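Below you'll find the structure, written out as structure tokens, and then a few comments.
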Amino acid sequence: MNADFLAAPLVRPLWRDRALVLAGIAMSAFNLRTAVTSLTPLLDTLGDTFGFGPTMTGVLGMVPTAAFAVFGVVTPAIAHRLGLERTALLAMALAAIGLFVRAFVGDTAMLLVTSAIALSGMGMGNVVLPPLVKRYFADRVGTVSTLYITVLQLGTILPALLAVPIATAAGWRVSLGAWSLIAAAAALPWIGVLWMERYGQSRQAKALCQAHDEAVASGDPAPELDGAKDGANGSARGRVWRSPVAWGLTLMFGMTSLTTYSMFTWLPKLLTEAGGSHALGGTMVALFSTMGLLSALFLPALAVRIRNPFPIVVACGASYVGAFAGLLLAPMAAPLLWVAFLGLGPSTFPLSLTLINLRTRTPGGSSRLSGFVQGVGYSLSCLGPLLFGWLHEATHGWEWPFAFLTLCLLALLYGGWLASRPRMLEDTW
């Protein structure tokens, strides 16, 4: 590092100097699920409008995981070429464009295309946020992970909760398109970060130097100081697919996503077939997401303090089993209880995102692991909503769909066992 750079006085305390990056991370996190949960409560309405049935509902439920899978694979290469910050800006731009144009579609094909555009940006955002946390906040991984995963959950809950009321008041087009404004706003902090990077030694860079010096002095993990424009940022030379850490995280993340998106897509229909209203379906999707918010508030901070978090994975598995049994055998007897159990099961999602940073030593390793886990994990999960719906349509019941999810739960537990063992990616690839 340049000696004059190190000697340059810091004009503000460290956290204020990183505030713009923190704002970008938080605002981007809010937009990573809005294209999904703003749509699923309206699928019955859109099916009536555009004339599609259960099979196309399953396809629409599969599009998010398919887009996340594709961009999980390609985003590390994009980030290596553009840099993490420019990739985050591109992600929010694609999300805003896709959400805005989706409000004006006239047929099912364009609904799919515009959803895919929005979700491509969100898929890129999924991958770049963990290494951005690693780069700028390596000294506060648990705290910042808690913040951005909590905000992500808020961005999952609010669209589900508001989709039907907004559609009732102003129409489904307004309900779908309104979220594009928030995605556009999330691009602004990254524009500011890139402007500061372009015009001299930004406060973020100076703050990073101070964070590095303080971390080295205290013996904590130090943020990277070089490779500011290198999305890989570090000597990530190994082959991720050779690591049991990577495969364990991929199974845990992928099976969590498969179950989550199956429920996002089919929970409203399950409840309406059992005698509930469309509004109840949207409310239960919101409750499902809200329980994820609770786990996001404490799990990242807990994970950094536990050497082996596998007992958490087992508890999540037990929660899933209780939810599946209740929704299958007596869905309207206690829907709040079943959905509460269902919402606690995906606590393995914030755990997976936190372990991406806890099981790597550098932002380069984090970026590679994040891309692999999300790319392969979402590839495994993308058929979940379609298969769940196909099994329901073929059997005219919910027994086989839930049997399918139970098999996926066993794979989740095995992946959690592999991922929870205290070892580093760079030592196993």
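Residue numbering restarts at 1 in every chain; chains get A, B, ... in the order shown in the structure tokens, and ligands count up from 1 in that same order.
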
With only C-alpha atoms as the counted atoms, please give the residues lying no more than 12 Å from A:Ala286, apart from itself and same-chain residues fewer than 6 positions off, as a list in words.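 My list of contacting residues is Thr37, Ser38, Thr40, Pro41, Gln153, Leu154, Gly155, Thr156, Ile157, Leu158, Pro159, Ala160, Leu161, Leu162, Ala163, Val164, Met263, Phe264, Leu267, Pro268, Ala279, Leu280, Gly292, Leu293, Leu336, Val339, Ala340, Leu342 and Gly343 of chain A.
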
Within 9 Å of A:Ala93, counting only C-alpha atoms, which residues show up once you throw out same-chain ones fewer than 2 positions away? Write them as an NGL selection string, please. :A and (88-91 or 95-98 or 118 or 121 or 183-184 or 186-187)

From the list A:Leu387, A:Leu270, A:Leu327, A:Ala334, which residue is nearest A:Gly282 when using only C-alpha atoms?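 Of A:Leu387, A:Leu270, A:Leu327, A:Ala334, the one nearest A:Gly282 is A:Leu270, counting only C-alpha atoms.
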
Polymer residues at most 12 Å from A:Thr55, only C-alpha atoms, same-chain spacing of 2 or more positions, as a list of chain:residue names: A:Leu43, A:Gly47, A:Gly51, A:Phe52, A:Gly53, A:Thr57, A:Gly58, A:Val59, A:Leu60, A:Gly61, A:Met62, A:Thr265, A:Trp266, A:Pro385, A:Leu386, A:Leu387, A:Phe388, A:Gly389, A:Trp390, A:Leu391, A:His392, A:Glu393, A:Ala394

Let me see the file: selected residues, C-alpha atoms, as a PDB file, in the first residue's frame.
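This is the output file again.pdb:
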ATOM      1  CA  LEU A  43     -50.987 -15.536  -9.613  1.00  0.00           C
ATOM      2  CA  GLY A  47     -54.061 -16.611 -14.406  1.00  0.00           C
ATOM      3  CA  GLY A  51     -55.566 -17.580 -19.204  1.00  0.00           C
ATOM      4  CA  PHE A  52     -52.929 -19.844 -17.688  1.00  0.00           C
ATOM      5  CA  GLY A  53     -53.373 -22.720 -15.258  1.00  0.00           C
ATOM      6  CA  THR A  57     -48.052 -21.242 -12.204  1.00  0.00           C
ATOM      7  CA  GLY A  58     -45.375 -23.846 -11.533  1.00  0.00           C
ATOM      8  CA  VAL A  59     -43.212 -22.434 -14.335  1.00  0.00           C
ATOM      9  CA  LEU A  60     -43.524 -18.927 -12.900  1.00  0.00           C
ATOM     10  CA  GLY A  61     -42.526 -20.341  -9.531  1.00  0.00           C
ATOM     11  CA  MET A  62     -39.478 -21.968 -11.147  1.00  0.00           C
ATOM     12  CA  THR A 265     -45.677 -20.577  -5.109  1.00  0.00           C
ATOM     13  CA  TRP A 266     -48.129 -23.134  -3.746  1.00  0.00           C
ATOM     14  CA  PRO A 385     -42.101 -25.479  -7.521  1.00  0.00           C
ATOM     15  CA  LEU A 386     -42.718 -27.231 -10.849  1.00  0.00           C
ATOM     16  CA  LEU A 387     -42.391 -30.766  -9.446  1.00  0.00           C
ATOM     17  CA  PHE A 388     -44.433 -29.886  -6.364  1.00  0.00           C
ATOM     18  CA  GLY A 389     -47.223 -28.558  -8.591  1.00  0.00           C
ATOM     19  CA  TRP A 390     -46.953 -31.451 -11.072  1.00  0.00           C
ATOM     20  CA  LEU A 391     -47.277 -34.003  -8.261  1.00  0.00           C
ATOM     21  CA  HIS A 392     -50.330 -32.159  -6.940  1.00  0.00           C
ATOM     22  CA  GLU A 393     -51.938 -32.000 -10.368  1.00  0.00           C
ATOM     23  CA  ALA A 394     -51.176 -35.667 -11.095  1.00  0.00           C
TER      24      ALA A 394
END

Name the closest residue to A:His278 among the candidates A:Val113, A:Leu129, A:Phe298, A:Pro165; distances are taken between atoms, counting only C-alpha atoms.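 So, comparing all the options, the nearest one is A:Pro165.
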
How close does each residue of stretch 62-152 of chain A get to stretch 299-318 of chain A, giving the shortest atom pair and distance in Å to one decimal for every residue with an atom at most 8 Å away, counting only C-alpha atoms, sorted by chain and residue number, as CSV?
residue,atom,partner,partner_atom,distance
A:Gly142,CA,A:Ala301,CA,4.7
A:Thr143,CA,A:Ala301,CA,6.3
A:Ser145,CA,A:Pro300,CA,6.1
A:Thr146,CA,A:Pro300,CA,5.4

Writer output for current selection, N, CA and C atoms, as a PDB file, in the first residue's frame:
ATOM      1  N   GLY A 142     -20.553 -10.673  11.380  1.00  0.00           N
ATOM      2  CA  GLY A 142     -21.817 -11.056  12.007  1.00  0.00           C
ATOM      3  C   GLY A 142     -22.815  -9.921  12.036  1.00  0.00           C
ATOM      4  N   THR A 143     -22.357  -8.731  12.409  1.00  0.00           N
ATOM      5  CA  THR A 143     -23.250  -7.576  12.524  1.00  0.00           C
ATOM      6  C   THR A 143     -23.828  -7.174  11.177  1.00  0.00           C
ATOM      7  N   SER A 145     -23.888  -8.941   8.364  1.00  0.00           N
ATOM      8  CA  SER A 145     -24.702 -10.028   7.810  1.00  0.00           C
ATOM      9  C   SER A 145     -26.106 -10.013   8.414  1.00  0.00           C
ATOM     10  N   THR A 146     -26.191  -9.782   9.722  1.00  0.00           N
ATOM     11  CA  THR A 146     -27.500  -9.666  10.363  1.00  0.00           C
ATOM     12  C   THR A 146     -28.312  -8.545   9.730  1.00  0.00           C
TER      13      THR A 146
END

Write out as a ChimeraX atom specification all residues of stretch 287-319 of chain A that DSSP puts in helix (DSSP H, G or I) for this structure's backbone. /A:287-303,310-319

Generate the output file for the selected residues, N, CA and C atoms, as a PDB file, in the first residue's frame.
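Saved result, again02.pdb, follows:
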ATOM      1  N   LEU A 287     -46.533 -14.017   6.538  1.00  0.00           N
ATOM      2  CA  LEU A 287     -46.130 -14.602   7.819  1.00  0.00           C
ATOM      3  C   LEU A 287     -44.953 -15.552   7.632  1.00  0.00           C
ATOM      4  N   PHE A 288     -45.005 -16.356   6.587  1.00  0.00           N
ATOM      5  CA  PHE A 288     -43.898 -17.248   6.248  1.00  0.00           C
ATOM      6  C   PHE A 288     -42.588 -16.464   6.153  1.00  0.00           C
ATOM      7  N   SER A 289     -42.622 -15.327   5.469  1.00  0.00           N
ATOM      8  CA  SER A 289     -41.432 -14.488   5.329  1.00  0.00           C
ATOM      9  C   SER A 289     -41.057 -13.825   6.647  1.00  0.00           C
ATOM     10  N   THR A 290     -42.055 -13.444   7.444  1.00  0.00           N
ATOM     11  CA  THR A 290     -41.784 -12.764   8.717  1.00  0.00           C
ATOM     12  C   THR A 290     -41.010 -13.648   9.671  1.00  0.00           C
ATOM     13  N   MET A 291     -41.308 -14.934   9.680  1.00  0.00           N
ATOM     14  CA  MET A 291     -40.564 -15.843  10.539  1.00  0.00           C
ATOM     15  C   MET A 291     -39.104 -15.910  10.111  1.00  0.00           C
ATOM     16  N   GLY A 292     -38.871 -15.779   8.815  1.00  0.00           N
ATOM     17  CA  GLY A 292     -37.500 -15.694   8.340  1.00  0.00           C
ATOM     18  C   GLY A 292     -36.803 -14.443   8.847  1.00  0.00           C
ATOM     19  N   LEU A 293     -37.562 -13.372   9.017  1.00  0.00           N
ATOM     20  CA  LEU A 293     -36.989 -12.138   9.571  1.00  0.00           C
ATOM     21  C   LEU A 293     -36.501 -12.368  10.998  1.00  0.00           C
ATOM     22  N   LEU A 294     -37.246 -13.117  11.776  1.00  0.00           N
ATOM     23  CA  LEU A 294     -36.832 -13.386  13.154  1.00  0.00           C
ATOM     24  C   LEU A 294     -35.499 -14.124  13.195  1.00  0.00           C
ATOM     25  N   SER A 295     -35.361 -15.128  12.326  1.00  0.00           N
ATOM     26  CA  SER A 295     -34.099 -15.875  12.315  1.00  0.00           C
ATOM     27  C   SER A 295     -32.957 -15.014  11.801  1.00  0.00           C
ATOM     28  N   ALA A 296     -33.246 -14.121  10.856  1.00  0.00           N
ATOM     29  CA  ALA A 296     -32.198 -13.246  10.330  1.00  0.00           C
ATOM     30  C   ALA A 296     -31.669 -12.292  11.393  1.00  0.00           C
ATOM     31  N   LEU A 297     -32.495 -11.967  12.380  1.00  0.00           N
ATOM     32  CA  LEU A 297     -32.080 -11.019  13.410  1.00  0.00           C
ATOM     33  C   LEU A 297     -31.033 -11.588  14.359  1.00  0.00           C
ATOM     34  N   PHE A 298     -31.062 -12.931  14.559  1.00  0.00           N
ATOM     35  CA  PHE A 298     -30.124 -13.460  15.552  1.00  0.00           C
ATOM     36  C   PHE A 298     -29.172 -14.523  15.021  1.00  0.00           C
ATOM     37  N   LEU A 299     -29.519 -15.191  13.907  1.00  0.00           N
ATOM     38  CA  LEU A 299     -28.694 -16.320  13.494  1.00  0.00           C
ATOM     39  C   LEU A 299     -27.286 -15.943  13.032  1.00  0.00           C
ATOM     40  N   PRO A 300     -27.090 -14.879  12.211  1.00  0.00           N
ATOM     41  CA  PRO A 300     -25.707 -14.564  11.823  1.00  0.00           C
ATOM     42  C   PRO A 300     -24.814 -14.268  13.018  1.00  0.00           C
ATOM     43  N   ALA A 301     -25.314 -13.482  13.976  1.00  0.00           N
ATOM     44  CA  ALA A 301     -24.509 -13.179  15.161  1.00  0.00           C
ATOM     45  C   ALA A 301     -24.256 -14.425  15.993  1.00  0.00           C
ATOM     46  N   LEU A 302     -25.223 -15.343  16.023  1.00  0.00           N
ATOM     47  CA  LEU A 302     -25.031 -16.588  16.755  1.00  0.00           C
ATOM     48  C   LEU A 302     -24.027 -17.492  16.044  1.00  0.00           C
ATOM     49  N   ALA A 303     -24.100 -17.533  14.703  1.00  0.00           N
ATOM     50  CA  ALA A 303     -23.235 -18.425  13.933  1.00  0.00           C
ATOM     51  C   ALA A 303     -21.758 -18.088  14.106  1.00  0.00           C
ATOM     52  N   PHE A 310     -24.357 -27.254  13.591  1.00  0.00           N
ATOM     53  CA  PHE A 310     -25.254 -28.303  13.098  1.00  0.00           C
ATOM     54  C   PHE A 310     -26.513 -28.471  13.949  1.00  0.00           C
ATOM     55  N   PRO A 311     -26.469 -28.305  15.294  1.00  0.00           N
ATOM     56  CA  PRO A 311     -27.730 -28.390  16.056  1.00  0.00           C
ATOM     57  C   PRO A 311     -28.798 -27.409  15.564  1.00  0.00           C
ATOM     58  N   ILE A 312     -28.392 -26.261  15.053  1.00  0.00           N
ATOM     59  CA  ILE A 312     -29.361 -25.312  14.482  1.00  0.00           C
ATOM     60  C   ILE A 312     -30.030 -25.940  13.264  1.00  0.00           C
ATOM     61  N   VAL A 313     -29.250 -26.629  12.436  1.00  0.00           N
ATOM     62  CA  VAL A 313     -29.799 -27.268  11.240  1.00  0.00           C
ATOM     63  C   VAL A 313     -30.813 -28.344  11.633  1.00  0.00           C
ATOM     64  N   VAL A 314     -30.497 -29.114  12.656  1.00  0.00           N
ATOM     65  CA  VAL A 314     -31.425 -30.157  13.121  1.00  0.00           C
ATOM     66  C   VAL A 314     -32.732 -29.536  13.621  1.00  0.00           C
ATOM     67  N   ALA A 315     -32.637 -28.440  14.367  1.00  0.00           N
ATOM     68  CA  ALA A 315     -33.845 -27.763  14.855  1.00  0.00           C
ATOM     69  C   ALA A 315     -34.697 -27.262  13.696  1.00  0.00           C
ATOM     70  N   CYS A 316     -34.046 -26.756  12.647  1.00  0.00           N
ATOM     71  CA  CYS A 316     -34.792 -26.306  11.464  1.00  0.00           C
ATOM     72  C   CYS A 316     -35.501 -27.483  10.797  1.00  0.00           C
ATOM     73  N   GLY A 317     -34.832 -28.647  10.738  1.00  0.00           N
ATOM     74  CA  GLY A 317     -35.464 -29.824  10.165  1.00  0.00           C
ATOM     75  C   GLY A 317     -36.703 -30.251  10.943  1.00  0.00           C
ATOM     76  N   ALA A 318     -36.625 -30.188  12.269  1.00  0.00           N
ATOM     77  CA  ALA A 318     -37.788 -30.543  13.092  1.00  0.00           C
ATOM     78  C   ALA A 318     -38.943 -29.572  12.857  1.00  0.00           C
ATOM     79  N   SER A 319     -38.629 -28.300  12.677  1.00  0.00           N
ATOM     80  CA  SER A 319     -39.663 -27.301  12.402  1.00  0.00           C
ATOM     81  C   SER A 319     -40.366 -27.588  11.071  1.00  0.00           C
TER      82      SER A 319
END

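The smallest atom-to-atom distance between A:Leu82 and any of A:Val128, A:Ala69, A:Leu425, A:Asp48, using only C-alpha atoms, is found for A:Val128.
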
Atom CA of A:Ile117 sits from atom CA of A:Pro64 at a separation of 10.2 Å

Atom-to-atom span, atom CA of A:Leu99 and atom CA of A:Ser180, Å: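 Computing it gives 5.0 Å between the two atoms.
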
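Of the residues listed (A:Ala178, A:Leu147, A:Leu380, A:Leu412), A:Leu412 shows the shortest atom-to-atom separation from A:Thr256; distances use only C-alpha atoms.
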
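You will find atom CA of A:Phe100 at 20.4 Å from atom CA of A:Phe71.
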